[in-house]
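Novice: Sharing run_2.cif, mmCIF, C-alpha atoms:
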data_entry
#
loop_
_atom_site.label_atom_id
_atom_site.label_comp_id
_atom_site.auth_asym_id
_atom_site.auth_seq_id
_atom_site.Cartn_x
_atom_site.Cartn_y
_atom_site.Cartn_z
CA MET P 1 93.47 86.34 128.56
CA SER P 2 92.41 86.54 132.20
CA ILE P 3 94.68 85.34 135.00
CA LEU P 4 92.51 82.28 135.62
CA GLU P 5 92.63 81.30 131.95
CA LYS P 6 96.43 81.04 132.20
CA PHE P 7 96.29 78.32 134.84
CA HIS P 8 95.08 74.76 135.11
CA TYR P 9 93.33 74.60 138.49
CA GLN P 10 90.71 72.78 140.51
CA ILE P 11 88.49 74.04 143.32
CA THR P 12 86.59 71.66 145.57
CA GLY P 13 84.62 71.97 148.79
CA PRO P 14 81.80 74.27 149.95
CA ALA P 15 81.96 77.84 148.69
CA ASP P 16 81.13 79.30 152.11
CA ALA P 17 83.91 77.40 153.92
CA PRO P 18 87.35 78.77 154.90
CA LYS P 19 89.84 78.73 152.04
CA LEU P 20 92.85 76.41 151.67
CA VAL P 21 95.55 76.45 148.96
CA PHE P 22 98.17 73.76 148.24
CA LEU P 23 101.30 74.70 146.26
CA HIS P 24 103.28 71.90 144.62
CA GLY P 25 107.06 71.72 144.29
CA VAL P 26 109.43 72.00 141.34
CA MET P 27 108.52 69.65 138.45
CA GLY P 28 105.20 69.04 140.22
CA PHE P 29 101.59 69.84 139.40
CA ALA P 30 98.23 70.20 141.12
CA ALA P 31 97.43 66.48 141.23
CA ASN P 32 100.42 65.87 143.53
CA PHE P 33 98.19 67.04 146.38
CA ARG P 34 94.99 65.31 145.22
CA ARG P 35 94.95 62.71 148.02
CA ILE P 36 95.78 65.27 150.69
CA ALA P 37 93.31 67.87 149.44
CA ARG P 38 90.49 65.33 149.47
CA ALA P 39 90.87 64.96 153.25
CA PHE P 40 90.01 68.64 153.77
CA GLU P 41 87.16 69.16 151.31
CA GLU P 42 84.42 68.91 153.93
CA ASP P 43 85.82 71.74 156.05
CA PHE P 44 87.53 73.96 153.46
CA GLN P 45 87.11 75.23 149.96
CA VAL P 46 90.34 73.90 148.47
CA LEU P 47 92.38 75.25 145.55
CA VAL P 48 95.13 73.30 143.81
CA TYR P 49 96.72 74.51 140.59
CA ASP P 50 99.69 73.98 138.28
CA GLN P 51 102.12 76.83 138.88
CA ARG P 52 103.54 78.69 135.90
CA GLY P 53 105.78 76.55 133.72
CA HIS P 54 104.35 73.38 135.27
CA GLY P 55 101.63 70.94 134.29
CA ARG P 56 99.02 72.46 131.98
CA SER P 57 99.54 76.09 133.00
CA PHE P 58 101.19 78.73 130.84
CA HIS P 59 104.94 78.91 130.27
CA ALA P 60 106.49 82.27 131.15
CA CYS P 61 109.30 84.03 129.34
CA PRO P 62 112.87 83.63 130.63
CA GLY P 63 113.33 85.59 133.81
CA GLY P 64 109.85 84.69 135.08
CA TYR P 65 110.48 81.87 137.53
CA SER P 66 111.40 83.40 140.86
CA ALA P 67 109.50 82.97 144.13
CA GLU P 68 108.37 86.55 143.59
CA ASN P 69 106.84 85.63 140.20
CA TYR P 70 105.08 82.56 141.59
CA ALA P 71 103.78 84.54 144.59
CA SER P 72 102.48 87.29 142.32
CA ASP P 73 100.53 84.64 140.39
CA LEU P 74 98.97 83.41 143.61
CA ARG P 75 97.98 86.93 144.64
CA GLN P 76 96.29 87.54 141.28
CA ILE P 77 94.51 84.17 141.35
CA LEU P 78 93.14 84.78 144.84
CA GLU P 79 91.98 88.27 143.89
CA ALA P 80 90.26 86.89 140.77
CA LEU P 81 88.49 84.29 142.91
CA GLY P 82 87.55 86.85 145.54
CA TRP P 83 89.44 84.97 148.27
CA LYS P 84 90.56 87.52 150.84
CA LYS P 85 92.17 85.07 153.30
CA THR P 86 93.47 81.53 153.02
CA VAL P 87 95.35 78.79 154.78
CA LEU P 88 98.47 78.17 152.71
CA VAL P 89 100.43 74.91 152.35
CA GLY P 90 103.53 74.68 150.17
CA HIS P 91 105.88 71.79 149.42
CA SER P 92 109.53 72.35 148.46
CA MET P 93 109.61 75.17 145.88
CA GLY P 94 105.95 75.72 146.74
CA GLY P 95 107.01 76.15 150.37
CA ARG P 96 109.44 78.87 149.38
CA VAL P 97 106.67 80.56 147.40
CA ALA P 98 104.33 80.25 150.38
CA LEU P 99 106.97 81.76 152.69
CA HIS P 100 107.49 84.72 150.38
CA PHE P 101 103.74 85.20 149.86
CA ALA P 102 103.09 85.19 153.61
CA SER P 103 105.89 87.68 154.20
CA GLN P 104 104.52 90.03 151.55
CA TYR P 105 100.79 89.60 152.18
CA PRO P 106 100.39 88.49 155.81
CA GLU P 107 96.87 89.87 155.89
CA MET P 108 95.85 87.23 153.33
CA VAL P 109 97.23 84.18 155.16
CA THR P 110 95.60 82.80 158.30
CA ARG P 111 97.92 79.80 158.75
CA LEU P 112 101.07 78.75 156.93
CA VAL P 113 102.53 75.26 156.41
CA ILE P 114 105.98 74.91 154.85
CA GLU P 115 106.77 71.32 153.87
CA ASP P 116 110.42 70.31 153.80
CA ILE P 117 112.21 73.40 152.55
CA GLY P 118 114.37 75.99 154.28
CA PRO P 119 115.11 79.64 153.53
CA SER P 120 118.13 78.56 151.48
CA MET P 121 118.24 75.69 149.01
CA HIS P 122 120.35 72.78 150.18
CA PRO P 123 122.77 71.84 147.35
CA THR P 124 121.88 68.14 147.50
CA GLY P 125 118.25 68.74 146.57
CA ALA P 126 119.13 71.16 143.78
CA SER P 127 121.70 68.81 142.28
CA LEU P 128 119.21 65.92 142.22
CA VAL P 129 116.72 67.97 140.20
CA LEU P 130 119.38 68.95 137.68
CA ARG P 131 120.79 65.41 137.46
CA MET P 132 117.34 64.05 136.70
CA LEU P 133 116.73 66.68 134.03
CA ASP P 134 120.07 65.92 132.41
CA ALA P 135 119.61 62.16 132.57
CA VAL P 136 116.20 61.82 130.92
CA PRO P 137 116.76 61.51 127.13
CA VAL P 138 113.75 63.42 125.83
CA PRO P 139 112.25 63.26 123.32
CA PHE P 140 111.30 59.59 123.36
CA SER P 141 109.78 57.98 120.29
CA ASP P 142 106.49 57.62 122.17
CA LYS P 143 105.09 57.37 125.70
CA ARG P 144 105.55 53.60 125.75
CA ALA P 145 109.28 54.03 125.18
CA ALA P 146 109.38 56.66 127.90
CA LYS P 147 107.63 54.35 130.37
CA GLN P 148 110.06 51.57 129.62
CA TRP P 149 113.03 53.90 130.18
CA PHE P 150 111.72 55.07 133.56
CA ASP P 151 110.99 51.49 134.61
CA THR P 152 114.52 50.32 133.78
CA ASP P 153 117.26 52.85 133.01
CA PHE P 154 116.08 55.46 135.48
CA LEU P 155 116.03 52.95 138.33
CA ARG P 156 119.55 51.86 137.42
CA LEU P 157 120.93 55.41 137.11
CA PHE P 158 119.36 56.54 140.40
CA LYS P 159 119.67 53.28 142.32
CA ASP P 160 121.09 55.05 145.39
CA GLU P 161 118.12 57.41 145.76
CA ARG P 162 115.59 56.58 148.43
CA GLN P 163 112.22 55.58 146.89
CA LYS P 164 113.59 55.78 143.36
CA GLU P 165 110.42 54.09 142.09
CA GLY P 166 108.38 57.01 143.38
CA LEU P 167 110.71 59.46 141.66
CA ALA P 168 110.37 57.56 138.39
CA ALA P 169 106.56 57.69 138.61
CA TYR P 170 106.67 61.38 139.57
CA LEU P 171 108.75 62.23 136.50
CA TYR P 172 106.82 60.01 134.11
CA ALA P 173 103.63 61.81 135.15
CA ASN P 174 105.21 64.91 133.59
CA ILE P 175 105.57 63.28 130.17
CA THR P 176 103.18 64.27 127.38
CA GLU P 177 103.05 63.94 123.60
CA ASN P 178 103.84 66.61 121.01
CA GLU P 179 102.27 66.94 117.57
CA LYS P 180 104.67 64.25 116.26
CA LYS P 181 103.48 61.85 119.01
CA GLU P 182 106.94 62.03 120.57
CA ALA P 183 107.08 61.87 124.37
CA ILE P 184 108.41 65.13 125.84
CA TRP P 185 108.33 67.04 129.12
CA ARG P 186 105.06 68.77 129.91
CA PHE P 187 106.79 71.38 132.04
CA SER P 188 109.13 74.16 130.90
CA VAL P 189 112.67 72.80 131.18
CA ALA P 190 114.08 76.34 131.13
CA GLY P 191 111.62 77.31 133.84
CA ILE P 192 112.64 74.38 136.04
CA ARG P 193 116.33 75.24 135.69
CA GLU P 194 115.64 78.88 136.44
CA SER P 195 113.55 77.98 139.50
CA VAL P 196 116.41 75.85 140.84
CA ALA P 197 118.97 78.59 140.16
CA ASN P 198 116.83 81.20 141.90
CA GLY P 199 116.42 78.91 144.88
CA ARG P 200 120.19 78.87 145.30
CA GLU P 201 120.65 82.56 144.63
CA PHE P 202 118.49 84.14 147.33
CA GLU P 203 118.35 83.20 151.01
CA ARG P 204 115.17 84.11 152.86
CA TRP P 205 116.15 84.21 156.50
CA ASP P 206 114.69 87.71 156.88
CA GLU P 207 111.32 86.37 155.75
CA VAL P 208 111.52 83.51 158.25
CA LYS P 209 112.44 85.82 161.12
CA ALA P 210 109.62 88.24 160.29
CA LEU P 211 106.82 85.65 160.31
CA ALA P 212 104.24 86.48 162.95
CA LEU P 213 101.31 84.34 161.82
CA PRO P 214 100.78 80.72 162.94
CA THR P 215 103.36 78.69 161.00
CA LEU P 216 104.21 74.99 160.88
CA LEU P 217 107.44 73.63 159.39
CA VAL P 218 107.20 69.94 158.43
CA HIS P 219 110.43 67.97 158.01
CA GLY P 220 110.91 64.50 156.51
CA GLU P 221 113.15 62.33 158.67
CA PHE P 222 115.38 61.29 155.76
CA SER P 223 115.17 64.52 153.77
CA LYS P 224 118.26 65.69 151.92
CA ASP P 225 116.60 69.00 151.00
CA LEU P 226 115.96 70.05 154.60
CA PRO P 227 118.57 68.28 156.75
CA ARG P 228 117.83 68.03 160.47
CA ALA P 229 120.44 70.69 161.36
CA LEU P 230 118.89 73.24 158.98
CA PHE P 231 115.40 72.34 160.20
CA GLU P 232 116.45 73.14 163.77
CA GLU P 233 118.22 76.32 162.65
CA VAL P 234 114.98 77.61 161.14
CA LEU P 235 113.07 76.87 164.35
CA CYS P 236 115.69 78.78 166.35
CA ALA P 237 115.55 81.72 163.93
CA ASN P 238 111.86 82.21 164.79
CA GLN P 239 110.70 80.35 167.87
CA THR P 240 107.03 81.01 167.14
CA ILE P 241 107.27 78.48 164.27
CA GLU P 242 106.09 74.99 165.19
CA GLY P 243 108.27 72.12 163.99
CA VAL P 244 107.26 68.52 163.32
CA GLU P 245 109.45 65.75 161.94
CA ILE P 246 107.53 62.96 160.24
CA LYS P 247 109.25 59.61 160.54
CA ASN P 248 110.03 57.27 157.65
CA SER P 249 109.65 60.03 155.07
CA GLY P 250 111.98 61.89 152.77
CA HIS P 251 111.53 65.15 150.90
CA TRP P 252 108.06 64.23 149.58
CA VAL P 253 106.57 63.93 153.06
CA HIS P 254 102.94 64.13 151.95
CA SER P 255 103.53 61.30 149.48
CA ASP P 256 105.66 59.10 151.76
CA GLN P 257 103.37 59.37 154.79
CA PRO P 258 100.05 60.83 153.62
CA GLU P 259 97.90 59.80 156.59
CA VAL P 260 100.40 61.15 159.11
CA PHE P 261 100.78 64.36 157.10
CA ILE P 262 96.99 64.81 157.04
CA ARG P 263 96.77 64.23 160.80
CA VAL P 264 99.51 66.78 161.50
CA LEU P 265 97.81 69.37 159.30
CA LYS P 266 94.40 68.81 160.89
CA LEU P 267 95.84 69.40 164.36
CA PHE P 268 97.57 72.57 163.19
CA PHE P 269 94.52 73.93 161.37
CA ALA P 270 92.43 73.34 164.51
CA GLY P 271 94.98 75.15 166.68
CA GLU P 272 95.66 72.00 168.69
CA PRO P 273 99.15 71.00 169.93
CA GLN P 274 101.20 68.48 167.99
CA VAL P 275 102.08 65.25 169.78
CA THR P 276 105.30 63.23 169.63
CA SER P 277 104.48 59.64 168.66
CA GLU P 278 105.93 56.67 166.79
CA SER P 279 105.31 58.54 163.53
CA THR P 280 106.07 62.13 164.54
CA GLU P 281 108.47 64.15 166.67
CA VAL P 282 107.67 67.63 167.91
CA VAL P 283 110.88 69.63 167.59
CA THR P 284 111.73 72.93 169.29
CA CYS P 285 114.79 75.16 169.39
CA THR P 286 117.44 73.79 171.77
#
Render the structure in this file as C-alpha cells.

Specialist:
Amino acid sequence: MSILEKFHYQITGPADAPKLVFLHGVMGFAANFRRIARAFEEDFQVLVYDQRGHGRSFHACPGGYSAENYASDLRQILEALGWKKTVLVGHSMGGRVALHFASQYPEMVTRLVIEDIGPSMHPTGASLVLRMLDAVPVPFSDKRAAKQWFDTDFLRLFKDERQKEGLAAYLYANITENEKKEAIWRFSVAGIRESVANGREFERWDEVKALALPTLLVHGEFSKDLPRALFEEVLCANQTIEGVEIKNSGHWVHSDQPEVFIRVLKLFFAGEPQVTSESTEVVTCT
C-alpha cells in the first residue's frame, strides 16, 4: 500500500499555485478546516487530510502516535505528491506536529502558523480530552442514540465548558457505525490517549528557539490550552515569531472566529503586518 493510500485526503486549488497544508488537532479530521481552506483555494493548492488514527485514515500500532510519527507522515505525503515547499498551518496537536516538521525540514516550509498550542501541553487541555473520552459511553445502540446523548447528557456533564455545544458537535462528527450498526468512535482511542500522553511527555522549547522561518503564533483569548502567560513566554523565547490574539475565541480559534482567522492568515501569507483591532491584538515580548 502506498503512503497516499493510507490516508483520507483532499486537494483543491490550481496545481501550479503555491502549496498550503492544514493539520487538524487531536480527535479532529480534515473537514475541520473545510471552511478555512475554501478561502485560500484561489491562491494556493490546498491539502487537508486525516492524520493517522483519525478520521478515515489508517490506525497505527501502539507506539506510533508521537509528533515525530505524524511529521514523518507529512514528509512522506509531500514527497509522494511532489510538493517541495509548503505553507504549513497546524491547530493544537497539529500545531505541535507543524512545529516539529518545520524544525526538522525547514527547507520544506515557507511560512508556519501554529494555532493555539505551546511547546509543552498545558494540563487543562489534556485533561479535557481525557475526560471527554472517559465520559462518552461507546458503543451506543445506534447513531440516533449517540446523537441524543450528545444533545443532552454531554451538555449536562460539561456544562462549565465554554461553547459546550460546539464540543458536542465536534465529538459526534467522530461517531461512525460498526458492522453491528452500533455507534462507535471513528478514531483510534488508543492513538488519542497516546497522542495526549506524548504531548505531556516532551517539551519543545528547543524547536521554538531554533525557528528561523516566518512564523505566526495564534492565540484564542479564552484558551485554556495556551494561556496568555504561556503565549507570551513563547514569543519571548523567539522574538522573530509574530503573535496575534484573536478575541472572543477559545482553543478552536478557526471555528470560533473563522472570518477573523482567515483575515489574519491572509495578512501573514502576504507578508503584511498584523493590526490590533476590536477582534485582534498584536502581541510582542515585553

Novice: Near stretch 57-70 of chain P, counting all atoms listed in the file, which residues have an atom at most 7 Å away, once you skip same-chain residues fewer than 4 positions from it, shown as a ChimeraX atom specification?

Specialist: /P:6-8,50-53,74,96-97,100,188,191,194-195,198

Novice: Take the selection from the previous step and output its residues with C-alpha atoms, as a JSON list (two decimals), in the frame of the given file.

Specialist:
[["chain", "number", "residue", "atom", "x", "y", "z"],
["P", 6, "LYS", "CA", 96.43, 81.04, 132.20],
["P", 7, "PHE", "CA", 96.29, 78.32, 134.84],
["P", 8, "HIS", "CA", 95.08, 74.76, 135.11],
["P", 50, "ASP", "CA", 99.69, 73.98, 138.28],
["P", 51, "GLN", "CA", 102.12, 76.83, 138.88],
["P", 52, "ARG", "CA", 103.54, 78.69, 135.90],
["P", 53, "GLY", "CA", 105.78, 76.55, 133.72],
["P", 74, "LEU", "CA", 98.97, 83.41, 143.61],
["P", 96, "ARG", "CA", 109.44, 78.87, 149.38],
["P", 97, "VAL", "CA", 106.67, 80.56, 147.40],
["P", 100, "HIS", "CA", 107.49, 84.72, 150.38],
["P", 188, "SER", "CA", 109.13, 74.16, 130.90],
["P", 191, "GLY", "CA", 111.62, 77.31, 133.84],
["P", 194, "GLU", "CA", 115.64, 78.88, 136.44],
["P", 195, "SER", "CA", 113.55, 77.98, 139.50],
["P", 198, "ASN", "CA", 116.83, 81.20, 141.90]]

Novice: Name all residues at most 7 Å from stretch 227-237 of chain P (count all atoms listed in the file; drop same-chain ones fewer than 5 positions away) and give them as a PyMOL selection string.

Specialist: chain P and resi 209+219+243+284-285

Novice: The PyMOL selection byres ((chain P and resi 3) around 9) on the file shown: which residues, as an NGL selection string?

Specialist: :P and (1-2 or 4-7 or 73 or 76-77 or 80)

Novice: Exactly which residues make up the result of the PyMOL selection byres ((chain P and resi 21-26) around 6) on this file, given as a list in words?

Specialist: Leu20, Met27, Gly28, Phe29, Val46, Leu47, Val48, Leu88, Val89, Gly90, His91, Ser92, Met93 and Gly94 of chain P

Novice: Go through stretch 149-235 of chain P residue by residue and, counting all atoms listed in the file, keep those with an atom at most 12 Å from stretch 125-139 of chain P; for each kept residue give the shortest atom pair and its distance in Å to one decimal, ordered by chain and increasing number, as JSON lines.

Specialist:
{"residue": "P:Trp149", "atom": "CA", "partner": "P:Val136", "partner_atom": "CA", "distance": 8.6}
{"residue": "P:Phe150", "atom": "CA", "partner": "P:Val136", "partner_atom": "CA", "distance": 8.5}
{"residue": "P:Thr152", "atom": "CA", "partner": "P:Val136", "partner_atom": "CA", "distance": 12.0}
{"residue": "P:Asp153", "atom": "CA", "partner": "P:Val136", "partner_atom": "CA", "distance": 9.3}
{"residue": "P:Phe154", "atom": "CA", "partner": "P:Val136", "partner_atom": "CA", "distance": 7.8}
{"residue": "P:Leu155", "atom": "CA", "partner": "P:Met132", "partner_atom": "CA", "distance": 11.3}
{"residue": "P:Arg156", "atom": "CA", "partner": "P:Ala135", "partner_atom": "CA", "distance": 11.4}
{"residue": "P:Leu157", "atom": "CA", "partner": "P:Ala135", "partner_atom": "CA", "distance": 8.2}
{"residue": "P:Phe158", "atom": "CA", "partner": "P:Met132", "partner_atom": "CA", "distance": 8.6}
{"residue": "P:Asp160", "atom": "CA", "partner": "P:Leu128", "partner_atom": "CA", "distance": 11.5}
{"residue": "P:Glu161", "atom": "CA", "partner": "P:Leu128", "partner_atom": "CA", "distance": 9.3}
{"residue": "P:Arg162", "atom": "CA", "partner": "P:Leu128", "partner_atom": "CA", "distance": 11.8}
{"residue": "P:Lys164", "atom": "CA", "partner": "P:Met132", "partner_atom": "CA", "distance": 11.3}
{"residue": "P:Leu167", "atom": "CA", "partner": "P:Met132", "partner_atom": "CA", "distance": 9.5}
{"residue": "P:Ala168", "atom": "CA", "partner": "P:Met132", "partner_atom": "CA", "distance": 9.7}
{"residue": "P:Tyr170", "atom": "CA", "partner": "P:Met132", "partner_atom": "CA", "distance": 11.4}
{"residue": "P:Leu171", "atom": "CA", "partner": "P:Met132", "partner_atom": "CA", "distance": 8.8}
{"residue": "P:Tyr172", "atom": "CA", "partner": "P:Val136", "partner_atom": "CA", "distance": 10.1}
{"residue": "P:Asn174", "atom": "CA", "partner": "P:Val138", "partner_atom": "CA", "distance": 11.6}
{"residue": "P:Ile175", "atom": "CA", "partner": "P:Val138", "partner_atom": "CA", "distance": 9.3}
{"residue": "P:Thr176", "atom": "CA", "partner": "P:Pro139", "partner_atom": "CA", "distance": 10.0}
{"residue": "P:Glu177", "atom": "CA", "partner": "P:Pro139", "partner_atom": "CA", "distance": 9.2}
{"residue": "P:Asn178", "atom": "CA", "partner": "P:Pro139", "partner_atom": "CA", "distance": 9.3}
{"residue": "P:Lys180", "atom": "CA", "partner": "P:Pro139", "partner_atom": "CA", "distance": 10.4}
{"residue": "P:Lys181", "atom": "CA", "partner": "P:Pro139", "partner_atom": "CA", "distance": 9.9}
{"residue": "P:Glu182", "atom": "CA", "partner": "P:Pro139", "partner_atom": "CA", "distance": 6.1}
{"residue": "P:Ala183", "atom": "CA", "partner": "P:Pro139", "partner_atom": "CA", "distance": 5.5}
{"residue": "P:Ile184", "atom": "CA", "partner": "P:Pro139", "partner_atom": "CA", "distance": 5.0}
{"residue": "P:Trp185", "atom": "CA", "partner": "P:Val138", "partner_atom": "CA", "distance": 7.3}
{"residue": "P:Arg186", "atom": "CA", "partner": "P:Val138", "partner_atom": "CA", "distance": 11.0}
{"residue": "P:Phe187", "atom": "CA", "partner": "P:Leu133", "partner_atom": "CA", "distance": 11.2}
{"residue": "P:Ser188", "atom": "CA", "partner": "P:Leu133", "partner_atom": "CA", "distance": 11.1}
{"residue": "P:Val189", "atom": "CA", "partner": "P:Leu133", "partner_atom": "CA", "distance": 7.9}
{"residue": "P:Ala190", "atom": "CA", "partner": "P:Leu133", "partner_atom": "CA", "distance": 10.4}
{"residue": "P:Gly191", "atom": "CA", "partner": "P:Leu133", "partner_atom": "CA", "distance": 11.8}
{"residue": "P:Ile192", "atom": "CA", "partner": "P:Val129", "partner_atom": "CA", "distance": 8.7}
{"residue": "P:Arg193", "atom": "CA", "partner": "P:Leu130", "partner_atom": "CA", "distance": 7.3}
{"residue": "P:Glu194", "atom": "CA", "partner": "P:Leu130", "partner_atom": "CA", "distance": 10.7}
{"residue": "P:Ser195", "atom": "CA", "partner": "P:Ala126", "partner_atom": "CA", "distance": 9.8}
{"residue": "P:Val196", "atom": "CA", "partner": "P:Ala126", "partner_atom": "CA", "distance": 6.2}
{"residue": "P:Ala197", "atom": "CA", "partner": "P:Ala126", "partner_atom": "CA", "distance": 8.3}
{"residue": "P:Asn198", "atom": "CA", "partner": "P:Ala126", "partner_atom": "CA", "distance": 10.5}
{"residue": "P:Gly199", "atom": "CA", "partner": "P:Ala126", "partner_atom": "CA", "distance": 8.3}
{"residue": "P:Arg200", "atom": "CA", "partner": "P:Ala126", "partner_atom": "CA", "distance": 7.9}
{"residue": "P:Glu201", "atom": "CA", "partner": "P:Ala126", "partner_atom": "CA", "distance": 11.5}
{"residue": "P:Ser223", "atom": "CA", "partner": "P:Gly125", "partner_atom": "CA", "distance": 8.9}
{"residue": "P:Lys224", "atom": "CA", "partner": "P:Gly125", "partner_atom": "CA", "distance": 6.2}
{"residue": "P:Asp225", "atom": "CA", "partner": "P:Gly125", "partner_atom": "CA", "distance": 4.7}
{"residue": "P:Leu226", "atom": "CA", "partner": "P:Gly125", "partner_atom": "CA", "distance": 8.5}
{"residue": "P:Pro227", "atom": "CA", "partner": "P:Gly125", "partner_atom": "CA", "distance": 10.2}

Novice: Using all atoms listed in the file, which residue out of P:Gln163, P:Val283, P:Glu272, P:Leu267 lies closest to P:Ile246?

Specialist: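 Of P:Gln163, P:Val283, P:Glu272, P:Leu267, the one nearest P:Ile246 is P:Val283, counting all atoms listed in the file.
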
Novice: Assuming the input is short of atoms at stretch 260-271 of chain P, produce N, CA and C atoms for that part as a short mmCIF file (atom, residue, chain, number, x, y, z; two decimals), keeping the file's coordinate frame.

Specialist:
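File written: result.cif
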data_model
loop_
_atom_site.label_atom_id
_atom_site.label_comp_id
_atom_site.auth_asym_id
_atom_site.auth_seq_id
_atom_site.Cartn_x
_atom_site.Cartn_y
_atom_site.Cartn_z
N VAL P 260 99.76 60.41 158.02
CA VAL P 260 100.40 61.15 159.11
C VAL P 260 100.43 62.63 158.78
N PHE P 261 100.75 62.96 157.54
CA PHE P 261 100.78 64.36 157.10
C PHE P 261 99.40 65.00 157.28
N ILE P 262 98.36 64.29 156.89
CA ILE P 262 96.99 64.81 157.04
C ILE P 262 96.68 65.04 158.52
N ARG P 263 97.04 64.09 159.37
CA ARG P 263 96.77 64.23 160.80
C ARG P 263 97.48 65.45 161.39
N VAL P 264 98.73 65.64 161.01
CA VAL P 264 99.51 66.78 161.50
C VAL P 264 98.86 68.09 161.04
N LEU P 265 98.45 68.15 159.79
CA LEU P 265 97.81 69.37 159.30
C LEU P 265 96.49 69.63 159.99
N LYS P 266 95.70 68.60 160.24
CA LYS P 266 94.40 68.81 160.89
C LYS P 266 94.58 69.36 162.30
N LEU P 267 95.56 68.86 163.02
CA LEU P 267 95.84 69.40 164.36
C LEU P 267 96.24 70.87 164.27
N PHE P 268 97.10 71.19 163.33
CA PHE P 268 97.57 72.57 163.19
C PHE P 268 96.45 73.50 162.78
N PHE P 269 95.63 73.08 161.82
CA PHE P 269 94.52 73.93 161.37
C PHE P 269 93.51 74.18 162.50
N ALA P 270 93.37 73.20 163.39
CA ALA P 270 92.43 73.34 164.51
C ALA P 270 93.05 74.10 165.69
N GLY P 271 94.31 74.45 165.59
CA GLY P 271 94.98 75.15 166.68
C GLY P 271 95.31 74.26 167.86
#
